[in-house]
Structure formats: structure tokens, C-alpha cells
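Participant: For reference, the structure I am asking about is given below.
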Amino acid sequence: MFNPSRYLGVDVAKDTLVVAFERQRWQFPNSQAGFRQLLGVIKKQSGVVHVVCEATGPYHLPMCLALQAAGQAVTICIAGS
């Protein structure tokens with residue numbers, strides 16, 4: 001049976017991660033502790049969850065690397081010029 005992905009969006013700032021998933025919203029610190037909290041939220045969801053964020057200078061990279069290391073699918077969107 002095909003189980004489609006559901007998408008979780010993260011607005012990454014220097015100090016915070018603002019997370020939107022379906023009708024839910026969370027805010028976590030942009031730190032290792034915040035990444036663990038985000039992973040905890042993702043693991044509580046049923047089905048496949050795919051994280052999407054925008055490239056925000058250097059601020060998105062630690063989160064993306066932490067999620068990737070945990071086996072979480074992540075896409076970084078880069079705006080065209």
C-alpha cells in the first residue's frame with residue numbers, strides 16, 4: 001500500500017525554529033536541544049513525514065544535518081534570483 005509523505009515546514013531563524021505541520025504549530029530553539037525536540041514531534045506523527053525548510057544563510061544547516069543524521073528526510077529550498 002502506498003503511504004504518501006506529509007510535509008512539515010520549518011521557518012529557520014538565527015535563534016528559533018518555527019514549525020508548521022498540518023494544523024499544528026511549535027517553536028523550538030535553533031540549537032541541539034531544539035533539534036531533539038523537533039525530532040520528538042516528528043516521531044510522534046503517523047506515516048511518513050518529510051521536512052522542508054528554506055536556505056537561511058548558515059542558520060538552517062545545523063538543523064538539517066542533525067535531522068539527516070537521525071535518518072529524517074529533509075529538503076532545503078533555495079530561492080532563485
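The way I read the labels, and the way they are meant: chains A, B, ... in the order of the C-alpha cells, residue 1 as the first residue of every chain, and ligand 1 as the first ligand shown, with later ones counted on from there.
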Residues within 12 Å of Gln37 in chain A, please, as a PyMOL selection string. Count only C-alpha atoms; anything in the same chain fewer than 4 positions from it doesn't count.

Facilitator: chain A and resi 17-19+26-33+41-44+63+66-67

Participant: Would you write out those residues with C-alpha atoms, as a PDB file, in the first residue's frame?

Facilitator:
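Output (again-v7.pdb):
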```
ATOM      1  CA  LEU A  17      12.709  27.184  14.544  1.00  0.00           C
ATOM      2  CA  VAL A  18       9.034  27.843  13.824  1.00  0.00           C
ATOM      3  CA  VAL A  19       7.433  24.570  12.801  1.00  0.00           C
ATOM      4  CA  TRP A  26       5.527  24.700  17.505  1.00  0.00           C
ATOM      5  CA  GLN A  27       8.525  26.873  18.245  1.00  0.00           C
ATOM      6  CA  PHE A  28      11.884  25.485  19.323  1.00  0.00           C
ATOM      7  CA  PRO A  29      15.316  26.978  19.875  1.00  0.00           C
ATOM      8  CA  ASN A  30      17.711  26.716  16.932  1.00  0.00           C
ATOM      9  CA  SER A  31      20.077  24.507  18.943  1.00  0.00           C
ATOM     10  CA  GLN A  32      20.849  20.835  19.519  1.00  0.00           C
ATOM     11  CA  ALA A  33      18.129  20.759  22.207  1.00  0.00           C
ATOM     12  CA  VAL A  41       7.460  15.812  17.418  1.00  0.00           C
ATOM     13  CA  ILE A  42       8.199  14.127  14.091  1.00  0.00           C
ATOM     14  CA  LYS A  43       8.454  10.664  15.661  1.00  0.00           C
ATOM     15  CA  LYS A  44       5.016  11.090  17.287  1.00  0.00           C
ATOM     16  CA  MET A  63      19.275  21.553  11.898  1.00  0.00           C
ATOM     17  CA  ALA A  66      21.032  16.798  12.729  1.00  0.00           C
ATOM     18  CA  LEU A  67      17.802  15.632  11.077  1.00  0.00           C
TER      19      LEU A  67
END
```

Participant: Which residues in chain A does DSSP call helix (DSSP H, G or I)? List them as a ChimeraX atom specification.

Facilitator: /A:32-44,61-69

Participant: Take the residues from that selection and put them in a file with N, CA, C and O atoms, as a PDB file, in the first residue's frame.

Facilitator:
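The new file selection-v8.pdb reads:
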```pdb
ATOM      1  N   GLN A  32      20.928  22.298  19.450  1.00  0.00           N
ATOM      2  CA  GLN A  32      20.849  20.835  19.519  1.00  0.00           C
ATOM      3  C   GLN A  32      19.621  20.393  20.327  1.00  0.00           C
ATOM      4  O   GLN A  32      18.952  19.435  19.960  1.00  0.00           O
ATOM      5  N   ALA A  33      19.317  21.098  21.409  1.00  0.00           N
ATOM      6  CA  ALA A  33      18.129  20.759  22.207  1.00  0.00           C
ATOM      7  C   ALA A  33      16.855  20.941  21.376  1.00  0.00           C
ATOM      8  O   ALA A  33      15.940  20.111  21.429  1.00  0.00           O
ATOM      9  N   GLY A  34      16.797  22.014  20.611  1.00  0.00           N
ATOM     10  CA  GLY A  34      15.637  22.248  19.748  1.00  0.00           C
ATOM     11  C   GLY A  34      15.507  21.201  18.660  1.00  0.00           C
ATOM     12  O   GLY A  34      14.401  20.782  18.320  1.00  0.00           O
ATOM     13  N   PHE A  35      16.633  20.744  18.125  1.00  0.00           N
ATOM     14  CA  PHE A  35      16.598  19.704  17.089  1.00  0.00           C
ATOM     15  C   PHE A  35      16.035  18.409  17.670  1.00  0.00           C
ATOM     16  O   PHE A  35      15.256  17.713  17.030  1.00  0.00           O
ATOM     17  N   ARG A  36      16.427  18.093  18.909  1.00  0.00           N
ATOM     18  CA  ARG A  36      15.896  16.889  19.571  1.00  0.00           C
ATOM     19  C   ARG A  36      14.396  17.023  19.803  1.00  0.00           C
ATOM     20  O   ARG A  36      13.645  16.057  19.620  1.00  0.00           O
ATOM     21  N   GLN A  37      13.947  18.224  20.194  1.00  0.00           N
ATOM     22  CA  GLN A  37      12.513  18.444  20.382  1.00  0.00           C
ATOM     23  C   GLN A  37      11.769  18.274  19.059  1.00  0.00           C
ATOM     24  O   GLN A  37      10.696  17.652  19.023  1.00  0.00           O
ATOM     25  N   LEU A  38      12.314  18.811  17.992  1.00  0.00           N
ATOM     26  CA  LEU A  38      11.704  18.683  16.668  1.00  0.00           C
ATOM     27  C   LEU A  38      11.616  17.213  16.261  1.00  0.00           C
ATOM     28  O   LEU A  38      10.571  16.756  15.799  1.00  0.00           O
ATOM     29  N   LEU A  39      12.686  16.473  16.462  1.00  0.00           N
ATOM     30  CA  LEU A  39      12.663  15.042  16.134  1.00  0.00           C
ATOM     31  C   LEU A  39      11.616  14.306  16.964  1.00  0.00           C
ATOM     32  O   LEU A  39      10.947  13.395  16.463  1.00  0.00           O
ATOM     33  N   GLY A  40      11.454  14.701  18.210  1.00  0.00           N
ATOM     34  CA  GLY A  40      10.429  14.083  19.056  1.00  0.00           C
ATOM     35  C   GLY A  40       9.039  14.300  18.503  1.00  0.00           C
ATOM     36  O   GLY A  40       8.210  13.380  18.486  1.00  0.00           O
ATOM     37  N   VAL A  41       8.763  15.504  18.022  1.00  0.00           N
ATOM     38  CA  VAL A  41       7.460  15.812  17.418  1.00  0.00           C
ATOM     39  C   VAL A  41       7.261  14.970  16.160  1.00  0.00           C
ATOM     40  O   VAL A  41       6.194  14.395  15.940  1.00  0.00           O
ATOM     41  N   ILE A  42       8.296  14.888  15.339  1.00  0.00           N
ATOM     42  CA  ILE A  42       8.199  14.127  14.091  1.00  0.00           C
ATOM     43  C   ILE A  42       7.917  12.651  14.381  1.00  0.00           C
ATOM     44  O   ILE A  42       7.063  12.031  13.747  1.00  0.00           O
ATOM     45  N   LYS A  43       8.608  12.094  15.346  1.00  0.00           N
ATOM     46  CA  LYS A  43       8.454  10.664  15.661  1.00  0.00           C
ATOM     47  C   LYS A  43       7.070  10.332  16.198  1.00  0.00           C
ATOM     48  O   LYS A  43       6.625   9.194  16.094  1.00  0.00           O
ATOM     49  N   LYS A  44       6.365  11.315  16.762  1.00  0.00           N
ATOM     50  CA  LYS A  44       5.016  11.090  17.287  1.00  0.00           C
ATOM     51  C   LYS A  44       3.960  11.040  16.188  1.00  0.00           C
ATOM     52  O   LYS A  44       2.834  10.638  16.430  1.00  0.00           O
ATOM     53  N   LEU A  61      21.595  25.005   8.318  1.00  0.00           N
ATOM     54  CA  LEU A  61      22.475  23.849   8.117  1.00  0.00           C
ATOM     55  C   LEU A  61      22.611  22.935   9.341  1.00  0.00           C
ATOM     56  O   LEU A  61      22.468  21.714   9.191  1.00  0.00           O
ATOM     57  N   PRO A  62      22.853  23.437  10.559  1.00  0.00           N
ATOM     58  CA  PRO A  62      22.960  22.508  11.694  1.00  0.00           C
ATOM     59  C   PRO A  62      21.694  21.676  11.909  1.00  0.00           C
ATOM     60  O   PRO A  62      21.763  20.479  12.197  1.00  0.00           O
ATOM     61  N   MET A  63      20.518  22.297  11.746  1.00  0.00           N
ATOM     62  CA  MET A  63      19.275  21.553  11.898  1.00  0.00           C
ATOM     63  C   MET A  63      19.163  20.458  10.839  1.00  0.00           C
ATOM     64  O   MET A  63      18.848  19.312  11.143  1.00  0.00           O
ATOM     65  N   CYS A  64      19.442  20.818   9.588  1.00  0.00           N
ATOM     66  CA  CYS A  64      19.339  19.839   8.506  1.00  0.00           C
ATOM     67  C   CYS A  64      20.307  18.680   8.708  1.00  0.00           C
ATOM     68  O   CYS A  64      19.945  17.520   8.487  1.00  0.00           O
ATOM     69  N   LEU A  65      21.511  18.977   9.137  1.00  0.00           N
ATOM     70  CA  LEU A  65      22.489  17.911   9.379  1.00  0.00           C
ATOM     71  C   LEU A  65      22.061  17.013  10.535  1.00  0.00           C
ATOM     72  O   LEU A  65      22.215  15.791  10.468  1.00  0.00           O
ATOM     73  N   ALA A  66      21.500  17.599  11.593  1.00  0.00           N
ATOM     74  CA  ALA A  66      21.032  16.798  12.729  1.00  0.00           C
ATOM     75  C   ALA A  66      19.868  15.903  12.318  1.00  0.00           C
ATOM     76  O   ALA A  66      19.816  14.715  12.685  1.00  0.00           O
ATOM     77  N   LEU A  67      18.934  16.442  11.530  1.00  0.00           N
ATOM     78  CA  LEU A  67      17.802  15.632  11.077  1.00  0.00           C
ATOM     79  C   LEU A  67      18.272  14.519  10.147  1.00  0.00           C
ATOM     80  O   LEU A  67      17.823  13.372  10.253  1.00  0.00           O
ATOM     81  N   GLN A  68      19.173  14.852   9.247  1.00  0.00           N
ATOM     82  CA  GLN A  68      19.705  13.847   8.324  1.00  0.00           C
ATOM     83  C   GLN A  68      20.428  12.737   9.080  1.00  0.00           C
ATOM     84  O   GLN A  68      20.262  11.557   8.777  1.00  0.00           O
ATOM     85  N   ALA A  69      21.222  13.103  10.082  1.00  0.00           N
ATOM     86  CA  ALA A  69      21.942  12.103  10.883  1.00  0.00           C
ATOM     87  C   ALA A  69      20.982  11.165  11.609  1.00  0.00           C
ATOM     88  O   ALA A  69      21.306  10.001  11.861  1.00  0.00           O
TER      89      ALA A  69
END
```

Participant: Rounded to one decimal in Å, what is the spacing between CA of Pro4 in chain A and CA of Ile78 in chain A?

Facilitator: 23.6 Å

Participant: Record the distance separating CA of Gln45 in chain A and CA of Arg6 in chain A, expressed in Å with one decimal.

Facilitator: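 It comes out at 9.7 Å.
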
Participant: Could you give me, as a ChimeraX atom specification, the residues within 10 Å of Ser5 in chain A, counting only C-alpha atoms and dropping anything in the same chain fewer than 3 positions from it?

Facilitator: /A:2,8,47-51,73

Participant: Rounded to one decimal in Å, what is the spacing between CA of Val10 in chain A and CA of Glu54 in chain A?

Facilitator: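 Value for the CA of Val10 in chain A-CA of Glu54 in chain A distance: 7.7 Å.
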
Participant: Considering only C-alpha atoms, can you say which of A:Val74, A:Ala13, A:Tyr7, A:Arg25 comes closest to Gly57 in chain A?

Facilitator: A:Ala13

Participant: Report the residues of chain A whose backbone DSSP state falls under strand (DSSP E or B), written as a VMD selection string.

Facilitator: chain A and resid 6 to 12 16 to 21 24 to 29 49 to 54 74 to 77

Participant: Store the residues picked out above in a file with C-alpha atoms, as a tab-separated table (two decimals), in the first residue's frame.

Facilitator:
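result_17.tsv, freshly written:
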```tsv
chain	number	residue	atom	x	y	z
A	6	ARG	CA	3.21	14.56	4.66
A	7	TYR	CA	5.22	17.76	4.76
A	8	LEU	CA	6.40	19.62	7.84
A	9	GLY	CA	7.64	23.16	7.24
A	10	VAL	CA	10.33	24.86	9.30
A	11	ASP	CA	10.96	28.60	9.23
A	12	VAL	CA	14.57	28.82	10.40
A	16	THR	CA	14.39	29.86	16.61
A	17	LEU	CA	12.71	27.18	14.54
A	18	VAL	CA	9.03	27.84	13.82
A	19	VAL	CA	7.43	24.57	12.80
A	20	ALA	CA	4.13	24.10	10.96
A	21	PHE	CA	2.58	20.69	10.38
A	24	GLN	CA	-0.27	22.37	14.45
A	25	ARG	CA	2.46	24.89	15.27
A	26	TRP	CA	5.53	24.70	17.50
A	27	GLN	CA	8.53	26.87	18.24
A	28	PHE	CA	11.88	25.49	19.32
A	29	PRO	CA	15.32	26.98	19.87
A	49	VAL	CA	6.92	12.99	7.42
A	50	HIS	CA	9.22	14.99	5.13
A	51	VAL	CA	10.79	18.19	6.50
A	52	VAL	CA	11.05	21.22	4.22
A	53	CYS	CA	12.90	24.44	5.04
A	54	GLU	CA	14.34	27.40	3.22
A	74	VAL	CA	14.88	16.90	4.62
A	75	THR	CA	14.61	19.22	1.63
A	76	ILE	CA	16.25	22.65	1.56
A	77	CYS	CA	14.52	25.11	-0.77
```
